[in-house]
Every structure is written in structure tokens, then in C-alpha cells.
$ cat work_16.txt   # compact mmCIF, C-alpha atoms
# COMPACT_ATOMS: atom_id res chain seq x y z
CA MET A 12 -11.95 6.13 12.89
CA MET A 13 -10.63 9.70 13.06
CA LEU A 14 -6.97 10.53 13.64
CA ARG A 15 -5.44 13.60 15.28
CA ILE A 16 -2.96 15.79 13.43
CA ARG A 17 -0.12 14.62 15.68
CA THR A 18 -0.67 11.04 14.55
CA ILE A 19 -0.88 12.06 10.89
CA ALA A 20 2.43 13.92 11.16
CA ARG A 21 4.14 10.90 12.69
CA LEU A 22 2.81 8.50 10.09
CA THR A 23 3.46 10.62 7.01
CA GLY A 24 6.60 12.51 8.03
CA ILE A 25 4.81 15.81 7.32
CA ARG A 26 5.11 18.19 10.29
CA GLU A 27 2.00 19.50 12.00
CA ALA A 28 2.97 23.09 11.14
CA THR A 29 3.35 22.08 7.48
CA LEU A 30 -0.09 20.45 7.40
CA ARG A 31 -1.64 23.59 8.89
CA ALA A 32 0.20 25.74 6.32
CA TRP A 33 -1.08 23.57 3.46
CA GLU A 34 -4.59 23.87 4.84
CA ARG A 35 -4.36 27.68 4.86
CA ARG A 36 -2.67 28.03 1.46
CA TYR A 37 -4.16 25.22 -0.62
CA GLY A 38 -7.32 24.25 1.23
CA PHE A 39 -5.75 20.82 1.70
CA PRO A 40 -6.22 18.76 3.72
CA ARG A 41 -9.73 19.45 5.01
CA PRO A 42 -9.88 18.19 8.60
CA HIS A 43 -12.96 18.00 10.76
CA ARG A 44 -13.10 19.43 14.26
CA ASN A 45 -13.96 17.24 17.23
CA GLU A 46 -15.82 18.30 20.37
CA SER A 47 -12.60 19.73 21.80
CA ASN A 48 -12.01 21.69 18.57
CA TYR A 49 -8.97 19.59 17.64
CA ARG A 50 -8.27 18.79 14.01
CA VAL A 51 -9.17 15.20 13.15
CA TYR A 52 -8.85 13.44 9.81
CA THR A 53 -10.85 10.76 8.05
CA ARG A 54 -9.32 7.72 6.38
CA ASP A 55 -9.70 9.39 2.97
CA GLU A 56 -7.80 12.48 4.14
CA VAL A 57 -5.04 10.32 5.63
CA GLU A 58 -4.73 8.49 2.32
CA SER A 59 -4.55 11.76 0.37
CA ILE A 60 -1.88 13.21 2.67
CA ARG A 61 0.19 10.07 2.30
CA ARG A 62 -0.09 10.24 -1.49
CA VAL A 63 1.03 13.88 -1.46
CA ALA A 64 3.99 13.00 0.75
CA ARG A 65 5.01 10.25 -1.67
CA LEU A 66 4.77 12.54 -4.71
CA ILE A 67 6.88 15.19 -2.98
CA SER A 68 9.52 12.57 -2.19
CA GLU A 69 9.53 11.72 -5.91
CA GLY A 70 10.38 15.32 -6.80
CA LEU A 71 7.08 17.15 -7.33
CA ALA A 72 6.52 20.61 -5.87
CA VAL A 73 3.99 20.80 -3.04
CA SER A 74 1.42 22.62 -5.19
CA GLU A 75 1.81 20.09 -8.02
CA ALA A 76 1.53 17.11 -5.69
CA ILE A 77 -1.63 18.46 -4.05
CA ALA A 78 -3.18 19.33 -7.40
CA GLN A 79 -2.45 15.84 -8.73
CA VAL A 80 -3.97 14.11 -5.71
CA GLN A 81 -7.05 16.32 -5.77
CA SER A 82 -7.58 15.76 -9.49
CA THR A 83 -7.01 11.99 -9.36
CA PRO A 84 -9.10 10.29 -6.68
CA VAL A 85 -8.13 6.82 -5.60
CA GLY A 86 -10.92 5.32 -7.70
CA ALA A 87 -9.30 6.68 -10.87
CA LEU A 88 -5.91 5.10 -10.23
CA PRO A 89 -4.78 1.90 -12.01
CA VAL A 90 -6.05 -1.23 -10.29
CA ARG A 91 -2.82 -2.22 -8.53
CA GLU A 92 -2.17 1.31 -7.28
CA ARG A 93 -5.75 1.54 -6.08
CA LEU A 94 -5.35 -1.67 -4.11
CA GLU A 95 -2.11 -0.40 -2.59
CA GLU A 96 -3.70 2.88 -1.54
CA ARG A 97 -6.65 1.10 0.02
CA PHE A 98 -4.31 -1.25 1.88
CA TRP A 99 -2.21 1.59 3.30
CA SER A 100 -5.31 3.55 4.20
CA ALA A 101 -6.73 0.64 6.20
CA VAL A 102 -3.40 0.00 7.92
CA MET A 103 -3.08 3.67 8.86
CA VAL A 104 -6.24 3.43 10.97
CA LEU A 105 -5.30 -0.05 12.25
CA ASP A 106 -8.24 -1.69 10.49
CA GLY A 107 -6.78 -5.17 10.01
CA ASP A 108 -10.00 -6.66 8.63
CA ALA A 109 -10.23 -4.02 5.90
CA ALA A 110 -6.56 -4.39 5.01
CA ASP A 111 -6.92 -8.17 4.77
CA ARG A 112 -9.98 -7.81 2.55
CA VAL A 113 -7.90 -5.72 0.13
CA LEU A 114 -5.27 -8.45 -0.01
CA GLY A 115 -7.99 -11.01 -0.62
CA GLU A 116 -9.51 -9.00 -3.47
CA ALA A 117 -6.09 -8.65 -5.05
CA GLN A 118 -5.40 -12.37 -4.75
CA ALA A 119 -8.71 -13.22 -6.40
CA SER A 120 -7.95 -10.95 -9.37
CA MET A 121 -4.26 -11.80 -9.98
CA GLU A 122 -2.14 -14.80 -10.88
CA VAL A 123 -0.06 -16.11 -7.97
CA GLU A 124 3.42 -14.96 -8.96
CA PRO A 125 2.43 -11.42 -10.05
CA TYR A 126 0.37 -11.17 -6.86
CA VAL A 127 3.46 -11.98 -4.81
CA ASP A 128 6.06 -10.10 -6.85
CA THR A 129 4.19 -6.93 -7.82
CA LEU A 130 1.93 -6.42 -4.79
CA LEU A 131 2.82 -8.32 -1.62
CA MET A 132 6.59 -7.96 -1.74
CA PRO A 133 6.62 -4.24 -2.68
CA LEU A 134 4.19 -3.58 0.18
CA LEU A 135 6.45 -5.50 2.54
CA ARG A 136 9.55 -3.57 1.43
CA GLU A 137 7.88 -0.17 1.75
CA MET A 138 6.32 -0.50 5.18
CA GLY A 139 9.52 0.15 7.13
CA GLN A 140 9.63 3.63 5.58
CA ARG A 141 5.90 4.35 5.78
CA LEU A 142 4.72 3.03 9.13
CA ASP A 143 5.34 3.18 12.84
CA ILE A 144 6.07 -0.05 14.68
CA ALA A 145 2.46 -0.94 15.58
CA ARG A 146 1.21 -0.48 12.02
CA GLU A 147 4.23 -2.22 10.53
CA HIS A 148 3.60 -5.27 12.73
CA LEU A 149 -0.06 -5.37 11.71
CA ALA A 150 0.67 -5.01 7.99
CA SER A 151 3.61 -7.41 7.88
CA ALA A 152 1.65 -10.07 9.78
CA LEU A 153 -1.18 -9.90 7.23
CA ILE A 154 1.19 -10.21 4.28
CA ARG A 155 3.18 -13.04 5.86
CA GLN A 156 -0.07 -14.92 6.50
CA ARG A 157 -0.93 -14.66 2.81
CA LEU A 158 2.54 -15.77 1.72
CA ARG A 159 2.58 -18.70 4.12
CA ALA A 160 -0.87 -19.87 3.01
CA LEU A 161 0.19 -19.73 -0.64
CA LEU A 162 3.36 -21.66 0.13
CA LEU A 163 1.50 -24.39 2.01
CA ALA A 164 -1.13 -24.68 -0.73
CA GLY A 165 1.40 -25.29 -3.49
CA ASP A 166 2.41 -28.73 -4.73
CA SER A 167 5.97 -29.84 -5.36
CA ARG A 168 7.22 -32.81 -7.37
CA PRO A 169 7.79 -35.95 -5.28
CA ASP A 170 11.20 -36.30 -6.92
CA GLY A 171 12.05 -32.59 -6.95
CA PRO A 172 15.29 -31.25 -5.46
CA ARG A 173 15.21 -30.47 -1.75
CA VAL A 174 15.94 -27.04 -0.30
CA VAL A 175 16.10 -25.81 3.30
CA LEU A 176 15.06 -22.17 3.78
CA ALA A 177 15.93 -20.10 6.84
CA CYS A 178 16.74 -16.65 8.13
CA PRO A 179 20.08 -16.51 9.98
CA GLU A 180 20.28 -16.14 13.72
CA ARG A 181 18.72 -12.89 15.04
CA ASP A 182 17.10 -12.15 11.66
CA THR A 183 13.32 -12.06 12.07
CA HIS A 184 12.11 -10.80 8.67
CA GLU A 185 10.92 -13.86 6.78
CA GLY A 186 8.74 -12.32 4.07
CA GLY A 187 11.37 -12.66 1.36
CA LEU A 188 12.07 -16.22 2.47
CA LEU A 189 8.39 -17.16 2.14
CA ALA A 190 8.25 -15.66 -1.35
CA LEU A 191 11.38 -17.58 -2.35
CA GLY A 192 9.88 -20.81 -1.03
CA LEU A 193 6.72 -20.22 -3.03
CA HIS A 194 8.67 -19.63 -6.26
CA LEU A 195 10.83 -22.72 -5.73
CA LYS A 196 7.87 -24.92 -4.87
CA ARG A 197 6.05 -23.82 -8.02
CA ARG A 198 9.17 -24.94 -9.92
CA GLY A 199 8.91 -28.40 -8.40
CA TRP A 200 11.28 -28.08 -5.46
CA ARG A 201 10.56 -29.78 -2.12
CA VAL A 202 10.76 -26.99 0.45
CA THR A 203 11.64 -27.29 4.14
CA LEU A 204 10.93 -23.93 5.75
CA LEU A 205 12.68 -23.26 9.06
CA GLY A 206 11.75 -19.57 9.11
CA ALA A 207 13.07 -16.68 11.15
CA ASP A 208 15.97 -16.56 13.61
CA THR A 209 17.41 -20.00 12.86
CA PRO A 210 20.61 -20.88 14.77
CA ALA A 211 23.35 -22.98 13.22
CA GLU A 212 22.42 -25.99 15.36
CA ALA A 213 18.91 -26.05 13.85
CA LEU A 214 20.36 -25.81 10.34
CA HIS A 215 22.64 -28.74 11.09
CA ALA A 216 19.76 -30.87 12.41
CA ALA A 217 17.62 -30.07 9.36
CA CYS A 218 20.41 -30.89 6.93
CA GLN A 219 21.09 -34.18 8.67
CA GLN A 220 17.41 -35.08 8.50
CA VAL A 221 16.32 -34.05 4.99
CA ARG A 222 19.69 -34.07 3.14
CA PRO A 223 18.93 -31.00 0.99
CA GLU A 224 20.73 -30.17 -2.21
CA LEU A 225 20.68 -26.48 -1.32
CA VAL A 226 20.35 -24.26 1.76
CA ALA A 227 19.06 -20.71 1.13
CA LEU A 228 19.39 -18.00 3.79
CA SER A 229 17.54 -14.69 3.67
CA SER A 230 19.36 -11.87 5.48
CA VAL A 231 17.41 -8.65 6.00
CA ARG A 232 18.87 -7.42 9.29
CA LYS A 233 21.66 -4.87 8.85
CA ARG A 234 24.91 -6.21 10.33
CA GLU A 235 28.54 -5.26 10.47
CA SER A 236 30.73 -7.36 8.21
CA GLU A 237 32.38 -9.28 11.06
CA GLU A 238 29.08 -10.19 12.69
CA LEU A 239 27.73 -11.47 9.38
CA ARG A 240 30.94 -13.42 8.78
CA GLN A 241 30.60 -15.22 12.10
CA VAL A 242 26.92 -16.05 11.53
CA LEU A 243 27.50 -17.31 7.99
CA GLN A 244 30.63 -19.25 8.92
CA ALA A 245 28.64 -21.16 11.52
CA ALA A 246 25.84 -21.78 9.01
CA VAL A 247 28.20 -23.04 6.27
CA GLU A 248 29.92 -25.39 8.70
CA ALA A 249 26.57 -26.64 10.00
CA CYS A 250 25.31 -27.40 6.48
CA ALA A 251 28.51 -28.78 4.95
CA PRO A 252 28.90 -30.12 2.34
CA THR A 253 25.60 -28.66 1.09
CA LEU A 254 25.78 -25.46 -0.95
CA VAL A 255 24.69 -22.39 1.04
CA VAL A 256 23.32 -19.40 -0.90
CA VAL A 257 22.57 -16.09 0.81
CA GLY A 258 20.25 -13.32 -0.38
CA GLY A 259 18.40 -10.29 0.91
CA PRO A 260 19.20 -6.62 1.59
CA GLY A 261 21.22 -7.44 4.70
CA ALA A 262 23.68 -9.44 2.59
CA ARG A 263 23.87 -7.32 -0.56
CA GLU A 264 26.67 -5.04 0.65
CA HIS A 265 28.80 -7.85 2.10
CA LEU A 266 29.58 -9.97 -0.96
CA LYS A 267 33.28 -10.34 -0.11
CA THR A 268 32.36 -11.61 3.35
CA ILE A 269 29.85 -14.10 1.92
CA PHE A 270 32.33 -15.52 -0.56
CA SER A 271 35.11 -15.66 2.08
CA VAL A 272 33.19 -18.22 4.18
CA GLY A 273 32.39 -20.44 1.21
CA ALA A 274 28.81 -19.32 0.59
CA GLN A 275 27.32 -17.83 -2.59
CA TYR A 276 25.04 -14.83 -3.17
CA ALA A 277 21.86 -14.70 -5.27
CA GLU A 278 19.66 -11.72 -6.04
CA SER A 279 16.69 -13.73 -7.35
CA THR A 280 15.14 -17.18 -7.59
CA GLU A 281 16.60 -17.56 -11.06
CA GLU A 282 20.13 -16.79 -9.83
CA LEU A 283 19.70 -19.21 -6.93
CA VAL A 284 18.66 -22.05 -9.24
CA ALA A 285 21.51 -21.22 -11.65
CA LEU A 286 24.05 -21.46 -8.81
CA TRP A 287 22.62 -24.83 -7.78
CA GLN A 288 22.77 -26.11 -11.37
CA GLN A 289 26.34 -24.87 -11.70
CA ALA A 290 27.40 -26.59 -8.48
CA ARG A 291 25.62 -29.80 -9.46
CA GLY A 292 27.34 -29.75 -12.85
CA ALA A 293 30.74 -29.26 -11.23
CA SER A 294 30.04 -32.14 -8.83
CA ASN A 295 29.05 -34.46 -11.69
CA ARG A 296 32.31 -33.72 -13.51
CA THR A 297 34.49 -34.71 -10.56

$ encode --input "work_16.txt" --output "C-alpha cells"
Amino acid sequence: MMLRIRTIARLTGIREATLRAWERRYGFPRPHRNESNYRVYTRDEVESIRRVARLISEGLAVSEAIAQVQSTPVGALPVRERLEERFWSAVMVLDGDAADRVLGEAQASMEVEPYVDTLLMPLLREMGQRLDIAREHLASALIRQRLRALLLAGDSRPDGPRVVLACPERDTHEGGLLALGLHLKRRGWRVTLLGADTPAEALHAACQQVRPELVALSSVRKRESEELRQVLQAAVEACAPTLVVVGGPGAREHLKTIFSVGAQYAESTEELVALWQQARGASNRT
């Protein structure tokens, strides 16, 4: 698949005029010409432009970034970086099969937790900055499928602590929630995954049914403090007396609001488990 310069500019954030100037000055990129004499770019050229754009954003001069990309082909990169570049390249041209094959190759060559923490989750975090909506939807769907399959394949202890996982109302990004569920399940927890956009009524029904020892909410959607307070207040009341712990980028800047409604905040699986252990210890002492 060949892409026009207009599409490349939109996907990389490099203006069409800039790409033409680079071509004249540095001989990079090297587009083909279609029957209508328009510039069109191969997947390899798209990948190289994206790498240059990333290096410039990291502080390199244009000439240095282009020289580095030209001197270091994708095949010479470290394995994880090579997989990332191949994934982004496939997504750029909307080749879902190729992108999924990259994820499969990575999964076959890596242990589960490094696969999730050092490849899948960084890809998921970066795509909002790299991709337009169509490509972001394609890429995020592929990664969420992998995370969900890993979560379902894991075994938990029959007597392990129970946790309910959900994204708050109107929050649809569940990638971090799936990764958290996977980590907890591998530590022996019994996981009930409610997923994205979970209203307080659904949280209440789940807590009544499974009687969890912990409810974890993943908040990615950016909200004003008052909106988040209302959503979390409803969630805490719906789950009472179960401990509610909130995480995710949408919650990070609203710690005062989280604590004001009686919830806790955790940055990682380890912090989440520590909060649960602390609350359990306090309960046993009373």
C-alpha cells in the first residue's frame, strides 16, 4: 500500500512543505511518483519518517535525526524497538493482519509480564499521540484482544482474594484495566472484570453478587475535578463498605478529590495490593 504525502503529514505531524524541503536538501525521504505524478510513499519510507519525527521530538537536529535513521535500518535496532517499529509501520497502512503478527511474534519470544509491561502498554500509551482516530482504533483493538486473551488464559487460586475491576462511567479506555487484571490474577487473585463505562448501579450489583475485598477503577478520561468527584462518590457508595482504589492518568492529578470521597489512589499493582493489605490489617485490629 502506498500513501500520499498529505496522509504522511497528518500521521507524523511533519508538514508537507517540510517533507518536500527535506527531500530537496537531504535526499530524504525518497517517494515514488504515481500515474498522476503525485508523491507516494512505501511502508518503509513511512516508518523512516516516523522515526525521524520521534528523534526530532527528543531533541536531535533534523540533519542528525535523518542521518541516524539512514545509518540504522530497522533490522539493526534492538529486538523490542524493531518489533515496535514494525507494529507502527503496519498500523500506519492499516494492515491489521501484519500488526497482529508482530504482536504474536513478540508474545512468543517474551515472558508474559515483560510482554505486557514493556511492549503492549507502552504501545497503548503512545498511540494517542502518534495516530489518527481510525488507526488508533485498529491498534488499540489488537492490543486489547491480546490483553484480554492473556487475562482469560491465566489461573487464579480458588481461595484467592476477590477483586472487581471497572472503568468509571463514560470512561472507555480499558487497556490499563486489563493489564491490572492480568497482574492480579497471576498473583492469585480472583478477578471479576466489568470493563469500560461501568455505571454505579452495575458496580453495586457486582459487589452484592461476588462480595469482593477490593474494587479497582481505572480512569483514563480527562475530567474536571467536580465531575470526577461525582462519579467516584457514586462508585464508593455503590461498593460500600468495600475498599475502592482508583488509578490511571485521568485520576493522577485529582488526588485530593479521590481522598475526599473515601477512595484511595494507586500508581501500580504493587501499591494497590499494599493498600488492600493495609486496609485488611486495620480491619483485623478493630

$ closest_residue --input "work_16.txt" --among "A:Arg62, A:Arg232, A:Arg222, A:Arg41" --to "A:Glu96" --atoms "all atoms listed in the file"
A:Arg62

$ residues_around --input "work_16.txt" --residues "A:Leu66" --least-positions-apart "4" --cutoff "9 Å" --atoms "only C-alpha atoms" --output "ChimeraX atom specification"
/A:61-62,70-73,75-77,79-80

$ atom_distance --input "work_16.txt" --atom1 "atom CA of A:Val51" --atom2 "atom CA of A:Arg17"
9.4 Å

$ axis_aligned_box --input "work_16.txt" --around "stretch 282-295 of chain A" --padding-each-side "8 Å" --output "AutoDock Vina command-line options"
--center_x 24.7 --center_y -25.6 --center_z -9.9 --size_x 28.1 --size_y 33.7 --size_z 21.9

$ closest_atom_pairs --input "work_16.txt" --of "stretch 136-187 of chain A" --to "stretch 259-274 of chain A" --cutoff "12 Å" --atoms "only C-alpha atoms" --output "Markdown table"
| residue | atom | partner | partner_atom | distance |
| --- | --- | --- | --- | --- |
| A:Arg136 | CA | A:Pro260 | CA | 10.1 |
| A:Ala177 | CA | A:Gly259 | CA | 11.7 |
| A:Cys178 | CA | A:Gly259 | CA | 9.8 |
| A:Pro179 | CA | A:Gly261 | CA | 10.6 |
| A:Arg181 | CA | A:Gly261 | CA | 12.0 |
| A:Asp182 | CA | A:Gly261 | CA | 9.4 |
| A:Thr183 | CA | A:Gly261 | CA | 11.8 |
| A:His184 | CA | A:Gly259 | CA | 10.0 |
| A:Glu185 | CA | A:Gly259 | CA | 10.2 |
| A:Gly186 | CA | A:Gly259 | CA | 10.4 |
| A:Gly187 | CA | A:Gly259 | CA | 7.4 |

$ write_last_selection --input "work_16.txt" --atoms "C-alpha atoms" --output "mmCIF file, in the frame of the given file"
data_model
loop_
_atom_site.group_PDB
_atom_site.id
_atom_site.type_symbol
_atom_site.label_atom_id
_atom_site.label_comp_id
_atom_site.auth_asym_id
_atom_site.auth_seq_id
_atom_site.Cartn_x
_atom_site.Cartn_y
_atom_site.Cartn_z
ATOM 1 C CA ARG A 136 9.550 -3.570 1.430
ATOM 2 C CA ALA A 177 15.930 -20.100 6.840
ATOM 3 C CA CYS A 178 16.740 -16.650 8.130
ATOM 4 C CA PRO A 179 20.080 -16.510 9.980
ATOM 5 C CA ARG A 181 18.720 -12.890 15.040
ATOM 6 C CA ASP A 182 17.100 -12.150 11.660
ATOM 7 C CA THR A 183 13.320 -12.060 12.070
ATOM 8 C CA HIS A 184 12.110 -10.800 8.670
ATOM 9 C CA GLU A 185 10.920 -13.860 6.780
ATOM 10 C CA GLY A 186 8.740 -12.320 4.070
ATOM 11 C CA GLY A 187 11.370 -12.660 1.360
#

$ closest_residue --input "work_16.txt" --among "A:Trp33, A:Trp200, A:Phe39, A:Trp99" --to "A:Ser167" --atoms "only C-alpha atoms"
A:Trp200

$ residues_around --input "work_16.txt" --residues "A:Asp111" --least-positions-apart "5" --cutoff "9 Å" --atoms "all atoms listed in the file" --output "list of chain:residue names"
A:Phe98, A:Ala101, A:Asp106, A:Glu116, A:Ala150, A:Leu153, A:Ile154

$ closest_residue --input "work_16.txt" --among "A:Gln219, A:Thr29, A:Thr83, A:Thr129" --to "A:Ala251" --atoms "all atoms listed in the file"
A:Gln219

$ atom_distance --input "work_16.txt" --atom1 "atom CA of A:Ala109" --atom2 "atom CA of A:Ala152"
13.9 Å
